[in-house]
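Structure record follows, encoded as structure tokens.
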Amino acid sequence: MDNQFQFDWQAAYNSVPFLLKGLPYTLMISFGGLIVGFLLGILFGLLSLNKKWYLRWPATAYIEIFRGTPILVQVLFIFYGLPDLIGAPIDPVTAAIIAIAVNSGAYISEVVRGGVQSIAKGQQEAGVSLGLTKVQTFWYITWPQAFRRMIPPLGNQAIVSIKDTSLFSVIGVGELVRQGQVYIANTFTAFEVYFAVALIYLAITLSLSILLRIYEHRSQSAA
Amino acid sequence: MSYIVNMQKLNKHFGQLHVLKDIDLQVTQGEVLVIIGASGSGKSTLIRCINGLEDFDAGQLEVDSFKLEPKGKSQQSLNSIRKEVGMVFQQFNLFPHLTVQRNIMLAPLKVRNKSTQDAAKLADKLLARVGIANQAHKHPEQLSGGQQQRVAIARALAMEPRLMLFDEPTSALDPEMVGEVLDVMRGLAKEGMTMLVVTHEMGFAREVADRVIYIHEGCIVEQGTPEEIFDNAQNERTQAFLSRVLSN
């Protein structure tokens, strides 16, 4: 068999400008979704810690449903299923942002819950003993300490969600992978182009990792 | 006669365990009360009921003329009580994310609505009083255990409490640091602070207490002046407990 494959650096290099047209979508969906997901995570994470069952149960249900089903199914449901319900189409980018938001929100809820629970009970007791209200105690004592512990798992979730956006090529969002597929359809250089796509993801996630390390280091030396 | 703490027939259970049994306890302003007893006798639970860190099942409790209801059904008076009652914990429970000075300033700022400047001044004054004026801008973890506990005392004093609760304040300390914390407490007692102290430091109890209470299995078995308890205990349980702790 004559399989003399040669990696064509030029082909990989040439594909980059076309691929980078997908970058704004990848970034917008990642960060838009993560910001909403962070807010959802705080909301449902705190609700899941509430003593009142009628607040805790819905939060737990949300977390279990969106953590327990594949994000691919979630986005297909949002993009193809939800329009039937609301009677109007949803554009692919919006569907993608919603999918990242509700999916990362479920994981971040668990990060928030774990972070808050990890703070020793004595901290809260010291706060209320000083006459602070429960809300003040949470805001000035528990939350700042919990948030510091949440940074590494939050960074982890951000990286996972950024990579998850690659799935949204299936609903036609022109993000990095979709751009790659379109480019390959014309050039038949799959190896080189997916290699370039992978490198672009790596560049994003590594930058984020480094930023997080710096932030962690700073907040530790500030302590 | 009005009492700062008035407890009548207080009862509390932890599940099956009856930890406080019909406790009657009255504390007058300026009194230094030391509570002694074996581990698990209920002495910590008793003082934790006074500022509502534990609720109780039955009985009556009035603190600084605010009435607490059983089962924690009195959030309003609880907040009022906690502003007037300081607490010092075995594990210090300082806030690790704040500097020593900020630890002390937090409650004056947020509860008493003092200005940052006034709160800082107050913190510095209290740090000087507990003998660690030069540590204001360090974080708690940079301090020794004894220093941390003195900061915790200063933090409680910043609210100008009418009553101070001490829950085994020296039990988590290395032996060489016990003295510095007891010195601060001695000073407070001299200045007339009303204090309820749960401790195993019998020397301190004998020297500083106006009244010593011995608790055994959730009951007040015996109480009296330090001389009455330490030199002339009437109850054989008290005698047995004292002979055990004093022989060590």
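We name chains A, B, ... following the order of the structure tokens; residues begin at 1 in each chain, and ligands are numbered from 1 as shown.
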Inset, instruction - Select from segment 30-241 of chain B everything DSSP, run on the backbone, classes as strand (DSSP E), then give the selection as a PyMOL selection string. - result: chain B and resi 32-36+58-63+66-68+85-88+163-167+195-198+211-216+219-224
Could you take the residues named above and write them with N, CA and C atoms, as a CSV table (one decimal), in the first residue's frame?
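out-v6.csv, written as the output of this step:
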chain,number,residue,atom,x,y,z
B,32,VAL,N,-18.3,37.2,88.0
B,32,VAL,CA,-17.5,36.3,87.2
B,32,VAL,C,-17.9,34.9,87.6
B,33,LEU,N,-18.4,34.1,86.6
B,33,LEU,CA,-18.9,32.8,86.9
B,33,LEU,C,-18.0,31.8,86.2
B,34,VAL,N,-17.5,30.8,86.9
B,34,VAL,CA,-16.7,29.8,86.2
B,34,VAL,C,-17.5,28.5,86.2
B,35,ILE,N,-17.6,27.9,85.1
B,35,ILE,CA,-18.3,26.6,85.0
B,35,ILE,C,-17.3,25.5,84.7
B,36,ILE,N,-17.3,24.5,85.7
B,36,ILE,CA,-16.4,23.4,85.5
B,36,ILE,C,-17.2,22.1,85.4
B,58,ALA,N,-37.1,23.4,76.2
B,58,ALA,CA,-38.1,23.8,77.2
B,58,ALA,C,-37.4,24.7,78.3
B,59,GLY,N,-38.2,25.5,78.9
B,59,GLY,CA,-37.7,26.3,80.0
B,59,GLY,C,-37.7,27.8,79.6
B,60,GLN,N,-37.2,28.6,80.5
B,60,GLN,CA,-37.2,30.0,80.3
B,60,GLN,C,-35.8,30.6,80.3
B,61,LEU,N,-35.6,31.5,79.4
B,61,LEU,CA,-34.2,32.2,79.3
B,61,LEU,C,-34.4,33.6,79.0
B,62,GLU,N,-33.8,34.5,79.8
B,62,GLU,CA,-33.8,35.9,79.6
B,62,GLU,C,-32.4,36.4,79.6
B,63,VAL,N,-32.0,37.1,78.6
B,63,VAL,CA,-30.6,37.6,78.6
B,63,VAL,C,-30.7,39.1,78.4
B,66,PHE,N,-33.9,40.5,77.3
B,66,PHE,CA,-34.5,40.0,76.1
B,66,PHE,C,-34.9,38.5,76.3
B,67,LYS,N,-36.1,38.2,76.0
B,67,LYS,CA,-36.6,36.8,76.3
B,67,LYS,C,-36.3,35.9,75.0
B,68,LEU,N,-35.7,34.8,75.3
B,68,LEU,CA,-35.5,33.8,74.2
B,68,LEU,C,-36.6,32.7,74.4
B,85,VAL,N,-23.7,40.5,73.8
B,85,VAL,CA,-23.0,39.4,74.4
B,85,VAL,C,-21.9,39.0,73.6
B,86,GLY,N,-20.7,39.1,74.1
B,86,GLY,CA,-19.5,38.7,73.3
B,86,GLY,C,-19.2,37.2,73.6
B,87,MET,N,-18.5,36.6,72.6
B,87,MET,CA,-18.2,35.2,72.8
B,87,MET,C,-16.8,34.9,72.3
B,88,VAL,N,-16.1,34.1,73.1
B,88,VAL,CA,-14.7,33.7,72.7
B,88,VAL,C,-14.7,32.2,72.6
B,163,LEU,N,-21.8,41.4,78.5
B,163,LEU,CA,-21.6,40.0,79.1
B,163,LEU,C,-20.6,39.3,78.1
B,164,MET,N,-19.6,38.6,78.7
B,164,MET,CA,-18.7,37.9,77.8
B,164,MET,C,-18.8,36.4,78.1
B,165,LEU,N,-18.9,35.6,77.1
B,165,LEU,CA,-18.9,34.1,77.2
B,165,LEU,C,-17.6,33.6,76.8
B,166,PHE,N,-17.0,32.7,77.6
B,166,PHE,CA,-15.7,32.1,77.2
B,166,PHE,C,-15.9,30.6,77.1
B,167,ASP,N,-15.8,30.0,75.9
B,167,ASP,CA,-16.0,28.6,75.8
B,167,ASP,C,-14.6,27.9,75.7
B,195,MET,N,-18.7,37.9,83.3
B,195,MET,CA,-18.1,36.9,82.5
B,195,MET,C,-18.7,35.5,82.9
B,196,LEU,N,-18.9,34.7,81.9
B,196,LEU,CA,-19.2,33.3,82.1
B,196,LEU,C,-18.1,32.5,81.4
B,197,VAL,N,-17.4,31.7,82.2
B,197,VAL,CA,-16.2,31.1,81.7
B,197,VAL,C,-16.3,29.6,81.9
B,198,VAL,N,-16.3,28.9,80.7
B,198,VAL,CA,-16.2,27.4,80.8
B,198,VAL,C,-14.7,27.1,80.7
B,211,ARG,N,-18.1,33.0,91.6
B,211,ARG,CA,-18.9,31.8,91.9
B,211,ARG,C,-18.4,30.7,90.9
B,212,VAL,N,-18.4,29.5,91.4
B,212,VAL,CA,-18.0,28.3,90.6
B,212,VAL,C,-19.2,27.4,90.6
B,213,ILE,N,-19.4,26.9,89.4
B,213,ILE,CA,-20.5,25.9,89.2
B,213,ILE,C,-20.0,24.6,88.7
B,214,TYR,N,-20.4,23.6,89.3
B,214,TYR,CA,-19.9,22.2,88.8
B,214,TYR,C,-21.1,21.6,88.1
B,215,ILE,N,-20.9,21.2,86.9
B,215,ILE,CA,-22.0,20.5,86.1
B,215,ILE,C,-21.6,19.1,85.9
B,216,HIS,N,-22.6,18.2,86.1
B,216,HIS,CA,-22.3,16.8,85.8
B,216,HIS,C,-23.5,16.2,85.1
B,219,CYS,N,-26.6,18.4,84.8
B,219,CYS,CA,-27.2,19.0,86.0
B,219,CYS,C,-26.2,19.9,86.7
B,220,ILE,N,-26.7,21.0,87.3
B,220,ILE,CA,-25.8,21.7,88.2
B,220,ILE,C,-25.8,21.0,89.6
B,221,VAL,N,-24.7,20.4,89.8
B,221,VAL,CA,-24.6,19.5,91.0
B,221,VAL,C,-24.3,20.4,92.3
B,222,GLU,N,-23.4,21.3,92.1
B,222,GLU,CA,-23.0,22.1,93.2
B,222,GLU,C,-22.5,23.5,92.8
B,223,GLN,N,-22.8,24.5,93.5
B,223,GLN,CA,-22.2,25.8,93.2
B,223,GLN,C,-21.9,26.6,94.5
B,224,GLY,N,-20.9,27.5,94.4
B,224,GLY,CA,-20.5,28.3,95.5
B,224,GLY,C,-19.3,29.1,95.2
Give me, as a tab-separated table, each residue of chain A that comes within 6 Å of chain B, together with its shortest interatomic pair and the distance in Å at one decimal, counting only C-alpha atoms, with rows ordered by chain and rising residue number.
residue	atom	partner	partner_atom	distance
A:Gly122	CA	B:Asn93	CA	5.7
A:Gln123	CA	B:Asn93	CA	5.6
A:Ser129	CA	B:Arg82	CA	5.4
A:Gly131	CA	B:Lys83	CA	4.5
A:Ala223	CA	B:His97	CA	5.9
Within 6 Å of Asp22 of chain B using only C-alpha atoms, minus same-chain residues under 6 positions, as a PDB file with C-alpha atoms, in the first residue's frame:
ATOM      1  CA  LYS B   9     -35.786  24.958  84.152  1.00  0.00           C
ATOM      2  CA  LEU B  10     -33.816  24.956  80.922  1.00  0.00           C
ATOM      3  CA  ASN B  11     -33.864  21.623  79.111  1.00  0.00           C
TER       4      ASN B  11
END
Inset, instruction - Name all residues at most 7 Å from Phe56 of chain B (count only C-alpha atoms; drop same-chain ones fewer than 3 positions away) and give them as a PyMOL selection string. - result: chain B and resi 11-12+49+70-71
Inset, instruction - Pick out the residues sitting within 6 Å of segment 90-107 of chain A, and hand them over as JSON, numbers by chain; count only C-alpha atoms, and ignore anything fewer than 5 positions along from it in its own chain. - result: {"A": [29, 33, 34, 36, 37, 38, 40, 41, 63, 66, 67, 75, 78, 79, 173]}
For those residues, write all heavy atoms to a file as a CSV table (one decimal), in the first residue's frame.
chain,number,residue,atom,x,y,z
A,29,ILE,N,-19.7,32.6,22.7
A,29,ILE,CA,-20.6,31.6,23.3
A,29,ILE,C,-20.0,31.1,24.6
A,29,ILE,O,-20.7,31.0,25.6
A,29,ILE,CB,-20.7,30.4,22.3
A,29,ILE,CG1,-21.5,30.9,21.0
A,29,ILE,CG2,-21.5,29.3,22.9
A,29,ILE,CD1,-21.4,29.9,19.9
A,33,GLY,N,-22.0,32.4,27.8
A,33,GLY,CA,-22.6,31.3,28.5
A,33,GLY,C,-22.1,31.1,29.9
A,33,GLY,O,-22.9,30.9,30.8
A,34,LEU,N,-20.8,31.3,30.0
A,34,LEU,CA,-20.2,31.1,31.4
A,34,LEU,C,-20.6,32.2,32.4
A,34,LEU,O,-20.8,31.9,33.5
A,34,LEU,CB,-18.7,31.0,31.3
A,34,LEU,CG,-18.1,29.7,30.8
A,34,LEU,CD1,-16.6,29.8,30.4
A,34,LEU,CD2,-18.3,28.7,32.0
A,36,VAL,N,-23.5,33.8,32.3
A,36,VAL,CA,-24.9,33.5,32.8
A,36,VAL,C,-24.8,32.2,33.7
A,36,VAL,O,-25.5,32.1,34.7
A,36,VAL,CB,-25.8,33.3,31.6
A,36,VAL,CG1,-27.2,32.9,32.0
A,36,VAL,CG2,-25.9,34.5,30.7
A,37,GLY,N,-24.0,31.3,33.3
A,37,GLY,CA,-23.8,30.0,34.0
A,37,GLY,C,-23.3,30.3,35.4
A,37,GLY,O,-23.8,29.7,36.4
A,38,PHE,N,-22.4,31.3,35.6
A,38,PHE,CA,-21.9,31.6,36.9
A,38,PHE,C,-23.0,32.2,37.8
A,38,PHE,O,-23.2,31.8,39.0
A,38,PHE,CB,-20.8,32.7,36.7
A,38,PHE,CG,-20.1,33.1,38.0
A,38,PHE,CD1,-19.5,32.1,38.8
A,38,PHE,CD2,-20.1,34.4,38.4
A,38,PHE,CE1,-18.9,32.5,40.0
A,38,PHE,CE2,-19.5,34.8,39.6
A,38,PHE,CZ,-18.9,33.8,40.4
A,40,LEU,N,-26.3,31.6,37.4
A,40,LEU,CA,-27.2,30.5,37.7
A,40,LEU,C,-26.5,29.6,38.7
A,40,LEU,O,-27.2,29.1,39.6
A,40,LEU,CB,-27.4,29.6,36.4
A,40,LEU,CG,-28.3,30.2,35.3
A,40,LEU,CD1,-28.3,29.3,34.1
A,40,LEU,CD2,-29.7,30.5,35.8
A,41,GLY,N,-25.2,29.4,38.7
A,41,GLY,CA,-24.5,28.6,39.6
A,41,GLY,C,-24.6,29.1,41.0
A,41,GLY,O,-24.8,28.4,42.0
A,63,ILE,N,-29.9,20.9,39.0
A,63,ILE,CA,-28.5,20.5,38.9
A,63,ILE,C,-28.5,19.0,38.4
A,63,ILE,O,-27.7,18.7,37.5
A,63,ILE,CB,-27.9,20.5,40.4
A,63,ILE,CG1,-27.8,22.0,40.8
A,63,ILE,CG2,-26.5,19.8,40.3
A,63,ILE,CD1,-27.5,22.1,42.3
A,66,PHE,N,-29.4,18.9,34.4
A,66,PHE,CA,-28.5,19.4,33.4
A,66,PHE,C,-27.1,18.9,33.6
A,66,PHE,O,-26.2,19.0,32.7
A,66,PHE,CB,-28.5,21.0,33.5
A,66,PHE,CG,-29.7,21.5,32.9
A,66,PHE,CD1,-30.8,21.9,33.7
A,66,PHE,CD2,-29.8,21.6,31.5
A,66,PHE,CE1,-32.0,22.4,33.1
A,66,PHE,CE2,-31.0,22.1,30.9
A,66,PHE,CZ,-32.1,22.5,31.7
A,67,ARG,N,-26.8,18.2,34.7
A,67,ARG,CA,-25.5,17.6,34.9
A,67,ARG,C,-25.6,16.1,34.4
A,67,ARG,O,-24.6,15.5,34.0
A,67,ARG,CB,-25.1,17.6,36.4
A,67,ARG,CG,-23.6,17.6,36.6
A,67,ARG,CD,-23.4,17.8,38.1
A,67,ARG,NE,-24.2,16.9,38.9
A,67,ARG,CZ,-23.8,16.4,40.1
A,67,ARG,NH1,-22.7,16.7,40.6
A,67,ARG,NH2,-24.6,15.6,40.7
A,75,VAL,N,-28.4,21.0,23.7
A,75,VAL,CA,-28.5,22.0,22.7
A,75,VAL,C,-29.4,21.6,21.5
A,75,VAL,O,-30.1,22.5,20.9
A,75,VAL,CB,-27.0,22.4,22.2
A,75,VAL,CG1,-26.5,21.3,21.2
A,75,VAL,CG2,-27.1,23.7,21.5
A,78,ILE,N,-32.8,22.4,22.8
A,78,ILE,CA,-33.0,23.9,22.8
A,78,ILE,C,-33.3,24.4,21.3
A,78,ILE,O,-34.2,25.2,21.1
A,78,ILE,CB,-31.9,24.6,23.4
A,78,ILE,CG1,-31.8,24.3,24.9
A,78,ILE,CG2,-32.0,26.2,23.2
A,78,ILE,CD1,-30.5,24.7,25.6
A,79,PHE,N,-32.4,23.9,20.4
A,79,PHE,CA,-32.4,24.5,19.0
A,79,PHE,C,-33.6,23.9,18.2
A,79,PHE,O,-34.3,24.7,17.5
A,79,PHE,CB,-31.1,24.2,18.3
A,79,PHE,CG,-31.0,24.8,17.0
A,79,PHE,CD1,-31.0,26.2,16.8
A,79,PHE,CD2,-31.0,24.0,15.8
A,79,PHE,CE1,-30.9,26.8,15.6
A,79,PHE,CE2,-30.9,24.6,14.6
A,79,PHE,CZ,-30.9,26.0,14.4
A,173,VAL,N,-23.6,26.6,14.0
A,173,VAL,CA,-22.9,27.8,14.5
A,173,VAL,C,-21.5,27.9,13.8
A,173,VAL,O,-20.8,26.9,13.9
A,173,VAL,CB,-22.7,27.8,16.0
A,173,VAL,CG1,-21.9,29.0,16.5
A,173,VAL,CG2,-24.1,27.8,16.7
Inset, instruction - Run DSSP on the backbone and give me the residues of segment 52-96 of chain B it puts in alpha helix (DSSP H), as a PyMOL selection string. - result: chain B and resi 75-84
Inset, instruction - Tell me, as number ranges by chain, which residues lie within 12 Å of Ile214 of chain A, counting only C-alpha atoms; anything in the same chain fewer than 6 positions away does not count. - result: A: 151-152, 207-208, 220-221
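Here atom CA of Ala11 of chain A stands at a distance of 11.0 Å from atom CA of Tyr194 of chain A.
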Legend entry - Gap from atom CA of Met193 of chain B to atom CA of Gly30 of chain B - Å, one decimal: 5.4 Å
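Shell of segment 47-53 of chain A at 10 Å, with only C-alpha atoms counted and residues fewer than 4 places along the chain excluded, is Gly41, Ile42, Leu43, Trp57, Pro58, Ala59, Thr60, Ala61, Tyr62, Ile63, Ser109, Glu110, Val112, Arg113, Gly114, Val116 and Gln117 of chain A.
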Could those residues be written to a file, using C-alpha atoms, as a PDB file, in the first residue's frame?
ATOM      1  CA  GLY A  41     -24.529  28.584  39.635  1.00  0.00           C
ATOM      2  CA  ILE A  42     -24.564  31.085  42.485  1.00  0.00           C
ATOM      3  CA  LEU A  43     -28.363  31.145  42.520  1.00  0.00           C
ATOM      4  CA  TRP A  57     -35.627  20.645  45.769  1.00  0.00           C
ATOM      5  CA  PRO A  58     -36.050  22.702  42.559  1.00  0.00           C
ATOM      6  CA  ALA A  59     -32.368  23.632  42.734  1.00  0.00           C
ATOM      7  CA  THR A  60     -31.351  20.014  43.199  1.00  0.00           C
ATOM      8  CA  ALA A  61     -33.613  18.984  40.311  1.00  0.00           C
ATOM      9  CA  TYR A  62     -32.049  21.598  38.025  1.00  0.00           C
ATOM     10  CA  ILE A  63     -28.525  20.461  38.945  1.00  0.00           C
ATOM     11  CA  SER A 109     -23.923  25.189  41.409  1.00  0.00           C
ATOM     12  CA  GLU A 110     -22.044  22.204  42.791  1.00  0.00           C
ATOM     13  CA  VAL A 112     -20.624  26.941  44.879  1.00  0.00           C
ATOM     14  CA  ARG A 113     -22.277  24.442  47.214  1.00  0.00           C
ATOM     15  CA  GLY A 114     -18.991  22.669  47.897  1.00  0.00           C
ATOM     16  CA  VAL A 116     -19.656  27.293  50.903  1.00  0.00           C
ATOM     17  CA  GLN A 117     -19.895  23.987  52.756  1.00  0.00           C
TER      18      GLN A 117
END
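Among B:Gly145, B:Ala189, B:Ala154, B:Tyr3, the residue with the shortest atom-to-atom distance to Glu176 of chain B, counting only C-alpha atoms, is B:Gly145.
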